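> CSV, C-alpha atoms, saved as coords-v8.csv, coming up:
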chain,number,residue,atom,x,y,z
A,992,ILE,CA,206.1,142.9,-8.4
A,993,PRO,CA,206.3,140.9,-5.1
A,994,LEU,CA,206.4,142.7,-1.8
A,995,THR,CA,209.5,144.6,-0.6
A,996,CYS,CA,211.6,141.8,0.9
A,997,PRO,CA,210.3,138.4,0.0
A,998,SER,CA,212.6,135.4,0.5
A,999,ILE,CA,213.4,132.1,-1.2
A,1000,LEU,CA,213.7,129.2,1.2
A,1001,ASN,CA,215.1,125.8,0.5
A,1002,ILE,CA,213.4,123.3,2.8
A,1003,THR,CA,214.9,119.9,3.2
A,1004,HIS,CA,213.5,116.7,4.7
A,1005,THR,CA,210.1,118.1,4.5
A,1006,GLU,CA,207.4,116.1,6.2
A,1007,VAL,CA,204.2,117.1,4.5
A,1008,SER,CA,202.0,115.5,7.2
A,1009,LYS,CA,203.7,117.7,9.7
A,1010,LEU,CA,203.8,120.9,7.8
A,1011,SER,CA,200.6,121.8,5.9
A,1012,ILE,CA,201.3,125.0,4.0
A,1013,SER,CA,198.6,126.5,2.0
A,1014,PRO,CA,199.6,127.4,-1.6
A,1015,SER,CA,198.2,130.9,-0.9
A,1016,GLN,CA,200.8,131.4,1.8
A,1017,VAL,CA,203.8,130.4,-0.3
A,1018,ASP,CA,204.8,130.3,-4.0
A,1019,LEU,CA,206.1,126.9,-4.7
A,1020,TRP,CA,209.1,127.0,-7.1
A,1021,GLN,CA,210.3,123.4,-7.0
A,1022,PRO,CA,208.2,121.3,-7.2
A,1023,ASN,CA,205.5,123.5,-8.7
A,1024,SER,CA,202.6,121.7,-7.0
A,1025,ALA,CA,202.0,120.7,-3.4
A,1026,SER,CA,200.8,117.3,-4.6
A,1027,LEU,CA,204.3,116.6,-5.9
A,1028,ILE,CA,206.0,117.1,-2.6
A,1029,ARG,CA,207.5,113.9,-1.2
A,1030,HIS,CA,208.8,112.7,2.2
A,1031,ASN,CA,212.5,113.5,2.6
A,1032,ALA,CA,212.4,115.7,-0.6
A,1033,THR,CA,213.8,119.2,-1.1
A,1034,VAL,CA,211.3,122.0,-1.6
A,1035,ASP,CA,212.0,125.5,-2.9
A,1036,VAL,CA,209.4,128.1,-1.8
A,1037,HIS,CA,209.1,131.9,-2.3
A,1038,VAL,CA,207.7,133.5,0.8
A,1039,ARG,CA,206.3,137.0,1.1
A,1040,ARG,CA,207.9,139.3,3.5
A,1041,ASN,CA,205.0,139.4,6.0
A,1042,ASP,CA,204.9,135.5,6.1
A,1043,THR,CA,208.6,134.8,6.5
A,1044,ARG,CA,208.7,135.0,10.3
A,1045,GLY,CA,205.7,132.7,10.8
A,1046,LEU,CA,207.0,130.1,8.4
A,1047,ARG,CA,210.5,130.1,10.0
A,1048,THR,CA,208.8,129.5,13.4
A,1049,ARG,CA,206.8,126.6,12.1
A,1050,LEU,CA,209.7,125.0,10.4
A,1051,GLN,CA,211.9,125.2,13.6
A,1052,LYS,CA,209.0,123.9,15.7
A,1053,GLU,CA,208.7,120.8,13.4
A,1054,HIS,CA,212.5,120.4,13.3
A,1055,ILE,CA,212.6,120.8,9.5
A,1056,ASP,CA,215.9,121.9,8.0
A,1057,PHE,CA,215.8,125.0,5.9
A,1058,LYS,CA,218.2,127.4,4.3
A,1059,VAL,CA,217.5,131.0,3.0
A,1060,TYR,CA,218.9,131.2,-0.5
A,1061,ILE,CA,217.8,134.7,-1.4
A,1062,SER,CA,216.9,137.0,1.5
A,1063,ASN,CA,215.7,140.0,-0.5
A,1064,LEU,CA,214.1,138.8,-3.7
A,1065,GLN,CA,212.9,142.4,-4.7
A,1066,LYS,CA,216.5,143.6,-4.8
A,1067,ASP,CA,217.5,140.8,-7.2
A,1068,ILE,CA,214.4,141.5,-9.4
A,1069,GLU,CA,215.3,145.1,-9.7
A,1070,LYS,CA,218.8,144.2,-10.9
A,1071,GLN,CA,217.3,142.4,-13.9
A,1072,THR,CA,214.6,144.8,-14.8
A,1073,GLY,CA,216.2,148.2,-13.9
A,1074,HIS,CA,218.2,150.6,-16.1
A,1075,ARG,CA,216.0,149.7,-19.0
A,1076,SER,CA,217.1,152.7,-21.1
A,1077,SER,CA,220.7,151.4,-21.2
A,1078,ARG,CA,219.5,148.1,-22.7
A,1079,LYS,CA,217.5,149.4,-25.6
A,1080,ARG,CA,219.5,148.8,-28.7
A,1081,ARG,CA,218.8,150.2,-32.1
A,1082,SER,CA,220.9,147.8,-34.2
A,1083,GLU,CA,221.7,144.1,-34.2
A,1084,SER,CA,225.4,144.7,-33.6
A,1085,GLN,CA,224.6,146.5,-30.3
A,1086,TYR,CA,222.0,144.1,-29.1
A,1087,ASP,CA,223.0,142.7,-25.7
A,1088,TYR,CA,222.4,138.9,-25.5
A,1089,GLU,CA,223.7,138.8,-21.9
A,1090,VAL,CA,220.8,140.6,-20.4
A,1091,TYR,CA,217.1,139.7,-20.2
A,1092,HIS,CA,214.8,141.5,-22.6
A,1093,SER,CA,211.2,142.5,-22.5
A,1094,LEU,CA,208.7,141.1,-25.0
A,1095,GLU,CA,208.7,144.4,-27.0
A,1096,GLU,CA,212.5,144.2,-27.2
A,1097,ILE,CA,212.5,140.6,-28.3
A,1098,GLN,CA,209.9,141.2,-31.0
A,1099,SER,CA,211.8,144.2,-32.3
A,1100,TRP,CA,214.9,142.0,-32.4
A,1101,MET,CA,213.0,139.4,-34.4
A,1102,PHE,CA,212.1,141.9,-37.0
A,1103,GLU,CA,215.7,143.0,-37.2
A,1104,MET,CA,216.9,139.4,-37.6
A,1105,ASN,CA,214.4,139.0,-40.4
A,1106,ARG,CA,215.4,142.2,-42.1
A,1107,THR,CA,219.2,141.7,-41.9
A,1108,HIS,CA,219.4,138.0,-42.8
A,1109,PRO,CA,216.9,137.5,-45.7
A,1110,HIS,CA,218.7,134.4,-47.1
A,1111,LEU,CA,218.6,132.5,-43.8
A,1112,VAL,CA,215.6,133.9,-41.8
A,1113,ASP,CA,211.9,134.0,-42.4
A,1114,MET,CA,209.6,135.5,-39.8
A,1115,PHE,CA,205.9,134.8,-39.6
A,1116,SER,CA,203.0,134.7,-37.2
A,1117,ILE,CA,201.0,131.5,-36.4
A,1118,GLY,CA,198.2,133.2,-34.6
A,1119,ARG,CA,197.4,135.5,-31.7
A,1120,SER,CA,197.5,135.2,-27.9
A,1121,TYR,CA,194.5,135.5,-25.6
A,1122,GLU,CA,195.2,139.2,-25.2
A,1123,GLY,CA,195.7,139.6,-29.0
A,1124,ARG,CA,199.5,139.6,-29.3
A,1125,PRO,CA,201.0,138.0,-32.4
A,1126,LEU,CA,202.7,134.6,-32.0
A,1127,TYR,CA,205.9,135.1,-33.9
A,1128,ILE,CA,208.2,132.4,-35.3
A,1129,LEU,CA,211.6,132.7,-36.8
A,1130,GLN,CA,212.4,130.0,-39.4
A,1131,LEU,CA,216.1,129.5,-39.8
A,1132,GLY,CA,217.8,127.6,-42.6
A,1133,LYS,CA,219.3,128.0,-46.1
A,1134,ARG,CA,216.5,128.1,-48.7
A,1135,THR,CA,217.4,125.1,-50.8
A,1136,ARG,CA,215.2,122.2,-51.7
A,1137,SER,CA,211.5,122.4,-50.8
A,1138,TYR,CA,211.6,119.4,-48.4
A,1139,LYS,CA,213.9,119.6,-45.4
A,1140,LYS,CA,213.7,118.0,-42.0
A,1141,ALA,CA,212.9,120.5,-39.3
A,1142,VAL,CA,213.6,121.1,-35.6
A,1143,TRP,CA,211.1,123.0,-33.5
A,1144,ILE,CA,212.4,125.0,-30.5
A,1145,ASP,CA,210.1,126.9,-28.1
A,1146,CYS,CA,211.0,129.0,-25.1
A,1147,GLY,CA,209.0,130.9,-22.5
A,1148,VAL,CA,206.1,128.5,-22.1
A,1149,HIS,CA,206.2,129.4,-18.4
A,1150,ALA,CA,206.4,133.2,-18.0
A,1151,ARG,CA,208.8,133.4,-15.1
A,1152,GLU,CA,211.5,131.2,-16.7
A,1153,TRP,CA,213.4,134.1,-18.3
A,1154,ILE,CA,216.4,132.1,-19.2
A,1155,GLY,CA,214.3,130.4,-21.9
A,1156,PRO,CA,213.7,133.3,-24.2
A,1157,ALA,CA,217.3,134.4,-23.6
A,1158,PHE,CA,218.4,131.0,-24.9
A,1159,CYS,CA,216.2,131.1,-28.0
A,1160,GLN,CA,217.7,134.5,-28.9
A,1161,TRP,CA,221.2,133.1,-28.2
A,1162,PHE,CA,220.5,130.2,-30.5
A,1163,VAL,CA,219.5,132.4,-33.4
A,1164,LYS,CA,222.5,134.7,-32.9
A,1165,GLU,CA,224.9,131.8,-32.8
A,1166,ALA,CA,223.3,130.1,-35.8
A,1167,LEU,CA,223.5,133.2,-37.9
A,1168,HIS,CA,226.9,134.5,-36.8
A,1169,SER,CA,228.7,131.2,-37.0
A,1170,TYR,CA,227.2,130.1,-40.3
A,1171,GLN,CA,230.2,131.3,-42.3
A,1172,TYR,CA,233.0,129.7,-40.1
A,1173,ASP,CA,231.4,126.8,-38.2
A,1174,SER,CA,231.1,123.8,-40.5
A,1175,VAL,CA,228.7,122.0,-38.1
A,1176,MET,CA,226.4,124.9,-37.9
A,1177,ARG,CA,226.6,125.5,-41.7
A,1178,ARG,CA,225.7,121.8,-42.3
A,1179,LEU,CA,222.7,122.0,-39.9
A,1180,MET,CA,221.4,125.2,-41.5
A,1181,ASN,CA,221.9,123.8,-45.0
A,1182,GLN,CA,220.2,120.5,-44.3
A,1183,LEU,CA,217.6,121.4,-41.7
A,1184,ASN,CA,215.0,124.1,-41.0
A,1185,PHE,CA,214.7,125.4,-37.4
A,1186,TYR,CA,211.4,126.9,-36.2
A,1187,ILE,CA,212.2,129.1,-33.3
A,1188,MET,CA,209.5,130.5,-31.0
A,1189,PRO,CA,211.4,132.8,-28.5
A,1190,VAL,CA,208.3,133.5,-26.4
A,1191,PHE,CA,205.5,131.0,-26.4
A,1192,ASN,CA,203.5,132.5,-23.6
A,1193,VAL,CA,203.6,136.2,-24.7
A,1194,ASP,CA,200.9,137.5,-22.4
A,1195,GLY,CA,202.4,135.8,-19.3
A,1196,TYR,CA,205.9,136.9,-20.2
A,1197,HIS,CA,204.8,140.5,-20.6
A,1198,PHE,CA,202.9,140.3,-17.3
A,1199,SER,CA,206.1,138.9,-15.6
A,1200,TRP,CA,207.9,142.1,-16.6
A,1201,THR,CA,205.2,144.6,-15.7
A,1202,THR,CA,203.3,143.1,-12.7
A,1203,ASP,CA,204.4,139.8,-11.2
A,1204,ARG,CA,207.9,138.5,-11.8
A,1205,PHE,CA,207.0,135.0,-10.8
A,1206,TRP,CA,203.9,134.6,-12.9
A,1207,ARG,CA,203.8,131.1,-14.6
A,1208,LYS,CA,200.6,130.7,-16.5
A,1209,THR,CA,198.9,132.3,-19.5
A,1210,ARG,CA,196.6,135.3,-18.9
A,1211,SER,CA,193.2,133.9,-20.0
A,1212,LYS,CA,190.1,134.7,-17.9
A,1213,ASN,CA,187.9,132.2,-16.3
A,1214,ALA,CA,184.2,133.1,-16.2
A,1215,LYS,CA,183.5,131.4,-12.8
A,1216,TYR,CA,186.8,132.3,-11.0
A,1217,HIS,CA,188.8,135.4,-10.3
A,1218,CYS,CA,192.0,133.5,-10.9
A,1219,ARG,CA,193.5,134.0,-14.4
A,1220,GLY,CA,195.6,131.8,-16.6
A,1221,VAL,CA,196.3,128.2,-17.6
A,1222,ASP,CA,199.5,126.2,-17.4
A,1223,ALA,CA,200.5,126.1,-21.0
A,1224,ASN,CA,202.3,122.8,-20.4
A,1225,ARG,CA,199.3,121.0,-19.0
A,1226,ASN,CA,196.8,122.1,-21.8
A,1227,TRP,CA,197.8,119.7,-24.5
A,1228,LYS,CA,195.6,116.9,-25.8
A,1229,VAL,CA,197.5,114.0,-24.3
A,1230,LYS,CA,196.1,112.4,-21.1
A,1231,TRP,CA,194.8,115.9,-20.4
A,1232,CYS,CA,194.1,116.9,-16.8
A,1233,GLU,CA,195.1,113.6,-15.3
A,1234,GLU,CA,198.0,113.0,-12.8
A,1235,GLY,CA,200.3,116.0,-12.3
A,1236,ALA,CA,197.8,118.6,-13.5
A,1237,SER,CA,195.1,120.5,-11.6
A,1238,SER,CA,191.5,121.1,-12.4
A,1239,GLN,CA,191.5,124.1,-10.0
A,1240,PRO,CA,191.8,127.4,-11.9
A,1241,CYS,CA,193.8,129.1,-9.1
A,1242,ASP,CA,196.5,126.4,-9.1
A,1243,ASP,CA,199.8,127.0,-11.1
A,1244,THR,CA,199.3,123.6,-12.8
A,1245,TYR,CA,195.7,124.3,-13.9
A,1246,CYS,CA,195.0,122.3,-17.1
A,1247,GLY,CA,192.4,124.7,-18.4
A,1248,PRO,CA,188.7,124.1,-19.2
A,1249,PHE,CA,189.5,121.8,-22.1
A,1250,PRO,CA,192.5,120.7,-24.2
A,1251,GLU,CA,193.9,123.4,-26.4
A,1252,SER,CA,191.7,126.0,-24.7
A,1253,GLU,CA,194.6,128.4,-24.8
A,1254,PRO,CA,195.0,130.1,-28.2
A,1255,GLU,CA,198.8,129.9,-27.8
A,1256,VAL,CA,198.7,126.1,-27.4
A,1257,LYS,CA,196.1,125.7,-30.1
A,1258,ALA,CA,198.2,127.7,-32.6
A,1259,VAL,CA,201.4,125.8,-32.0
A,1260,ALA,CA,199.5,122.4,-32.1
A,1261,LYS,CA,197.9,123.4,-35.4
A,1262,PHE,CA,201.3,124.4,-36.9
A,1263,LEU,CA,203.0,121.2,-35.7
A,1264,ARG,CA,200.2,119.0,-37.0
A,1265,LYS,CA,200.5,120.7,-40.4
A,1266,HIS,CA,204.3,120.1,-40.5
A,1267,LYS,CA,204.5,116.9,-38.6
A,1268,LYS,CA,206.0,115.0,-41.6
A,1269,ARG,CA,209.0,117.2,-41.6
A,1270,VAL,CA,209.5,118.1,-37.9
A,1271,LYS,CA,211.8,115.4,-36.6
A,1272,ALA,CA,212.7,117.0,-33.2
A,1273,TYR,CA,210.6,119.0,-30.7
A,1274,ILE,CA,212.6,120.9,-28.1
A,1275,SER,CA,211.0,122.9,-25.3
A,1276,ILE,CA,213.2,125.1,-23.1
A,1277,HIS,CA,212.3,125.4,-19.4
A,1278,ALA,CA,213.9,126.1,-16.0
A,1279,TYR,CA,215.1,125.2,-13.6
A,1280,ALA,CA,216.6,121.8,-12.6
A,1281,GLN,CA,219.5,121.0,-14.9
A,1282,MET,CA,217.8,118.1,-16.7
A,1283,LEU,CA,217.2,116.8,-20.2
A,1284,LEU,CA,213.8,115.1,-20.3
A,1285,TYR,CA,212.1,112.9,-22.9
A,1286,PRO,CA,208.8,111.0,-22.9
A,1287,TYR,CA,206.9,109.8,-21.3
A,1288,SER,CA,205.8,112.4,-18.8
A,1289,TYR,CA,202.3,111.1,-18.1
A,1290,LYS,CA,203.2,107.5,-17.3
A,1291,TYR,CA,206.0,105.2,-16.2
A,1292,ALA,CA,206.7,103.4,-19.5
A,1293,THR,CA,209.5,103.0,-22.0
A,1294,ILE,CA,209.0,104.7,-25.4
A,1295,PRO,CA,209.3,102.4,-28.5
A,1296,ASN,CA,212.4,104.2,-29.9
A,1297,PHE,CA,214.0,104.4,-26.4
A,1298,ASN,CA,217.5,103.4,-27.6
A,1299,CYS,CA,217.7,106.2,-30.2
A,1300,VAL,CA,216.2,108.9,-27.9
A,1301,GLU,CA,218.3,107.8,-24.9
A,1302,SER,CA,221.5,107.9,-27.0
A,1303,ALA,CA,220.6,111.3,-28.3
A,1304,ALA,CA,220.0,112.6,-24.7
A,1305,HIS,CA,223.3,111.0,-23.5
A,1306,ASN,CA,225.2,112.6,-26.3
A,1307,ALA,CA,223.5,116.0,-25.7
A,1308,VAL,CA,224.3,116.1,-21.9
A,1309,THR,CA,227.9,115.0,-22.6
A,1310,ALA,CA,228.3,117.8,-25.1
A,1311,LEU,CA,226.8,120.2,-22.6
A,1312,TYR,CA,229.1,119.0,-19.8
A,1313,SER,CA,232.2,119.6,-22.1
A,1314,ALA,CA,231.6,123.4,-21.9
A,1315,TYR,CA,231.9,124.1,-18.2
A,1316,GLY,CA,231.6,120.8,-16.4
A,1317,VAL,CA,227.9,121.3,-15.5
A,1318,ARG,CA,226.1,118.0,-14.9
A,1319,TYR,CA,222.6,117.4,-16.2
A,1320,ARG,CA,220.5,114.5,-15.3
A,1321,TYR,CA,218.6,112.9,-18.2
A,1322,GLY,CA,215.9,110.4,-18.7
A,1323,PRO,CA,212.1,109.9,-19.0
A,1324,ALA,CA,210.3,112.9,-17.5
A,1325,SER,CA,208.1,110.8,-15.3
A,1326,THR,CA,211.0,109.1,-13.4
A,1327,THR,CA,213.6,111.9,-13.7
A,1328,LEU,CA,211.4,114.8,-12.7
A,1329,TYR,CA,207.8,113.9,-11.9
A,1330,VAL,CA,204.6,112.7,-13.6
A,1331,SER,CA,202.6,115.3,-15.5
A,1332,SER,CA,199.8,115.0,-18.0
A,1333,GLY,CA,198.9,117.2,-20.9
A,1334,SER,CA,202.5,118.3,-21.7
A,1335,SER,CA,203.7,119.6,-25.1
A,1336,MET,CA,206.6,117.1,-25.1
A,1337,ASP,CA,204.3,114.0,-24.8
A,1338,TRP,CA,201.9,115.5,-27.3
A,1339,ALA,CA,204.7,116.1,-29.9
A,1340,TYR,CA,205.9,112.5,-29.5
A,1341,ARG,CA,202.4,111.1,-29.7
A,1342,ASN,CA,201.8,113.1,-32.9
A,1343,GLY,CA,204.7,111.4,-34.7
A,1344,ILE,CA,207.7,113.6,-33.8
A,1345,PRO,CA,210.4,111.0,-33.0
A,1346,TYR,CA,212.7,113.1,-30.8
A,1347,ALA,CA,210.8,115.2,-28.2
A,1348,PHE,CA,212.8,116.8,-25.4
A,1349,ALA,CA,212.3,119.3,-22.6
A,1350,PHE,CA,215.3,121.0,-21.2
A,1351,GLU,CA,215.3,122.3,-17.6
A,1352,LEU,CA,218.2,124.8,-17.6
A,1353,ARG,CA,220.3,126.1,-14.8
A,1354,ASP,CA,220.3,126.1,-11.9
A,1355,THR,CA,219.3,123.6,-9.2
A,1356,GLY,CA,217.7,126.0,-6.8
A,1357,TYR,CA,220.2,128.5,-5.5
A,1358,PHE,CA,219.0,131.3,-7.8
A,1359,GLY,CA,215.9,129.5,-9.1
A,1360,PHE,CA,213.9,131.6,-11.5
A,1361,LEU,CA,216.2,134.6,-10.8
A,1362,LEU,CA,219.2,133.2,-12.6
A,1363,PRO,CA,221.7,136.2,-12.7
A,1364,GLU,CA,222.4,137.8,-16.1
A,1365,ALA,CA,226.1,136.9,-15.6
A,1366,LEU,CA,225.1,133.3,-16.1
A,1367,ILE,CA,223.2,133.8,-19.3
A,1368,ASN,CA,226.3,133.4,-21.4
A,1369,PRO,CA,227.6,130.1,-19.9
A,1370,THR,CA,224.1,128.6,-19.6
A,1371,CYS,CA,223.3,129.4,-23.3
A,1372,THR,CA,226.8,128.3,-24.5
A,1373,GLU,CA,226.5,124.9,-22.9
A,1374,THR,CA,222.9,124.4,-24.0
A,1375,MET,CA,223.8,125.4,-27.5
A,1376,ARG,CA,226.2,122.5,-27.6
A,1377,ALA,CA,223.5,120.1,-26.5
A,1378,VAL,CA,220.9,121.4,-29.1
A,1379,LYS,CA,223.5,121.2,-31.9
A,1380,THR,CA,224.2,117.6,-30.9
A,1381,ILE,CA,220.6,116.6,-31.0
A,1382,SER,CA,220.1,118.4,-34.3
A,1383,SER,CA,223.2,116.7,-35.8
A,1384,GLY,CA,221.9,113.3,-34.8
A,1385,LEU,CA,218.9,113.9,-37.0
A,1386,LEU,CA,221.2,113.8,-40.0
A,1387,LYS,CA,222.4,110.3,-39.1
A,1388,LYS,CA,220.3,107.1,-39.2
A,1389,CYS,CA,219.3,105.4,-36.0
A,1390,GLU,CA,218.6,101.7,-35.8
A,1391,ILE,CA,215.2,102.1,-34.3
A,1392,GLY,CA,213.8,105.2,-35.8
A,1393,MET,CA,210.2,106.3,-35.2
A,1394,HIS,CA,209.5,106.0,-39.0
A,1395,GLU,CA,210.2,102.3,-38.7
A,1396,LEU,CA,207.7,101.6,-36.0
A,1397,ASP,CA,204.6,99.6,-36.8
A,1398,ARG,CA,201.7,101.9,-35.9
A,1399,GLU,CA,199.4,98.8,-35.4
A,1400,ARG,CA,201.8,97.5,-32.8
A,1401,TYR,CA,202.0,100.9,-31.0
A,1402,PRO,CA,198.4,102.3,-31.3
A,1403,TYR,CA,199.0,104.4,-28.2
A,1404,LEU,CA,201.5,106.6,-29.9
Take the structure in the file and write it out as structure tokens.


Amino acid sequence: IPLTCPSILNITHTEVSKLSISPSQVDLWQPNSASLIRHNATVDVHVRRNDTRGLRTRLQKEHIDFKVYISNLQKDIEKQTGHRSSRKRRSESQYDYEVYHSLEEIQSWMFEMNRTHPHLVDMFSIGRSYEGRPLYILQLGKRTRSYKKAVWIDCGVHAREWIGPAFCQWFVKEALHSYQYDSVMRRLMNQLNFYIMPVFNVDGYHFSWTTDRFWRKTRSKNAKYHCRGVDANRNWKVKWCEEGASSQPCDDTYCGPFPESEPEVKAVAKFLRKHKKRVKAYISIHAYAQMLLYPYSYKYATIPNFNCVESAAHNAVTALYSAYGVRYRYGPASTTLYVSSGSSMDWAYRNGIPYAFAFELRDTGYFGFLLPEALINPTCTETMRAVKTISSGLLKKCEIGMHELDRERYPYL
């Protein structure tokens, strides 16, 4: 857990040439790498208590505007991790979806879902993490014909983004509970299979609960360096370790020693390759920025089925907005957020999954990774609408579907 009173600062109009901050001095929240900081951009940083005064002085000296969003981070961390005994629930009916849950609680909940909904849920493991934890998946859908289109949803790729696993649990809860009375959900469950991975980065997520709330990477060891972990969203075999990824093991965007070096990434890639003919949508849940992103992330270029994907994204953010009036930006990741290579979204698209998306959930920086538990319900409710909209779109034909593309004309896919 970070020191007693660290702070989160929002720095605006940052001139990098003036203010050279070592990554060891601050924890960059947005953007997640110093190389992505641009002139006149906004930067969110988490500063340890002992470094706060020095950074304030430097910012004031350079006439750089800043605002303290959270003055005592430790206090807010304890709000979300304290009183554990009151959150442990023995049965599904008592499970609280409006608090954050530890890995152990989430996995117990998965077993309970599997036990209590045998006709709609199937639970299985696709492998083990670096530290030996099982990588569990919940398959949702009515068991009808053998071939059904499928949607993959993963959460918790980056350990500190706790709203991700909260959404995956929310999605499962809503899908199962509304199956009887919601005709849209019933149609989706009858005609599609959903592969849900509530916690992709199980080792990192566990570590974020026990040791460092703002840990991002996996927990693999590097023989030559003391720094642990790889960015699980820079480790995929698609333009691996190029722009937007780091080859330095101590960086938060470290791409790893080679593509799919992380057993978690390798296991998911293997599963998706095996089922790529039926998986029509890949959705990865991240935080924070309030964005819906689609390929490409590694380059500034338009995807071949742009019209279909753009339309799906537009419909999704419109549905999301209808819940509480929260606005999401949407577009290609490279231009909407930043360029990054080796991402799961680009990999999924390049491996034949026509609709590949990455959500960046609430908020835009005020709470950052410490999104209060009071906002789990509205965040998940609005995101549910977006995901249902994307899924419903798969049941309709689009004029320029990926299956219609000539592979010889688009060899780079």

> With all atoms listed in the file as the counted atoms, please give the residues lying no more than 10 Å from His1110 (chain A), apart from itself and same-chain residues fewer than 5 positions off, as a PyMOL selection string.

chain A and resi 1105+1131-1134

> Counting all atoms listed in the file, which residue out of A:Asp1042, A:Pro1189, A:Trp1153, A:Ala1310 sits closest to Trp1100 (chain A)?

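Of A:Asp1042, A:Pro1189, A:Trp1153, A:Ala1310, the one nearest Trp1100 (chain A), counting all atoms listed in the file, is A:Pro1189.
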
> Which residue, A:Asp1222, A:Asp1337, A:Glu1152, A:Glu1255, has the smallest gap to Met1188 (chain A) when you use only C-alpha atoms?

A:Glu1255

> Contacts between region 1162-1179 of chain A and region 1318-1392 of chain A, please, where a residue of region 1318-1392 of chain A counts if it comes within 12 Å (with only C-alpha atoms); show its shortest atom pair and distance in Å to one decimal, rows by chain and ascending number, as a tab-separated table.


residue	atom	partner	partner_atom	distance
A:Asn1368	CA	A:Phe1162	CA	11.3
A:Thr1370	CA	A:Phe1162	CA	11.6
A:Cys1371	CA	A:Phe1162	CA	7.8
A:Thr1372	CA	A:Phe1162	CA	8.9
A:Glu1373	CA	A:Phe1162	CA	11.0
A:Thr1374	CA	A:Phe1162	CA	9.0
A:Met1375	CA	A:Phe1162	CA	6.6
A:Arg1376	CA	A:Phe1162	CA	10.0
A:Ala1377	CA	A:Phe1162	CA	11.3
A:Val1378	CA	A:Phe1162	CA	8.9
A:Lys1379	CA	A:Met1176	CA	7.6
A:Thr1380	CA	A:Val1175	CA	9.6
A:Ile1381	CA	A:Leu1179	CA	10.6
A:Ser1382	CA	A:Leu1179	CA	7.1
A:Ser1383	CA	A:Leu1179	CA	6.7
A:Gly1384	CA	A:Leu1179	CA	10.1
A:Leu1385	CA	A:Leu1179	CA	9.4
A:Leu1386	CA	A:Leu1179	CA	8.3
A:Lys1387	CA	A:Leu1179	CA	11.7

> Quote the spacing between CA of Ala1272 (chain A) and CA of Phe1158 (chain A) in Å to one decimal place.

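So the two atoms, CA of Ala1272 (chain A) and CA of Phe1158 (chain A), lie 17.2 Å apart.
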
> From the options A:Gly1220, A:Pro1323, A:Gly1316, A:Gly1155, which residue's atoms come nearest to Phe1297 (chain A), counting all atoms listed in the file?

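When distances to Phe1297 (chain A) are compared using all atoms listed in the file, the smallest one comes from A:Pro1323.
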
> Could you tell me how far CA of Gln1160 (chain A) sits from CA of Val1300 (chain A), in Å to one decimal place?

25.7 Å

> Would you mind listing what lies within 7 Å of Ser1288 (chain A) as a PyMOL selection string, with all atoms listed in the file counted and same-chain residues fewer than 2 positions away left out?

chain A and resi 1286+1290+1323-1325+1330-1332+1337

> Show which residues sit within 10 Å of Ser1026 (chain A), as number ranges by chain. Count all atoms listed in the file, and ignore same-chain residues fewer than 3 positions away.

A: 1007, 1022-1023, 1029, 1234-1237

> How many Å lie between CA of Thr1072 (chain A) and CA of Asp1035 (chain A), rounded to one decimal?

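According to the coordinates, CA of Thr1072 (chain A) and CA of Asp1035 (chain A) are separated by 22.8 Å.
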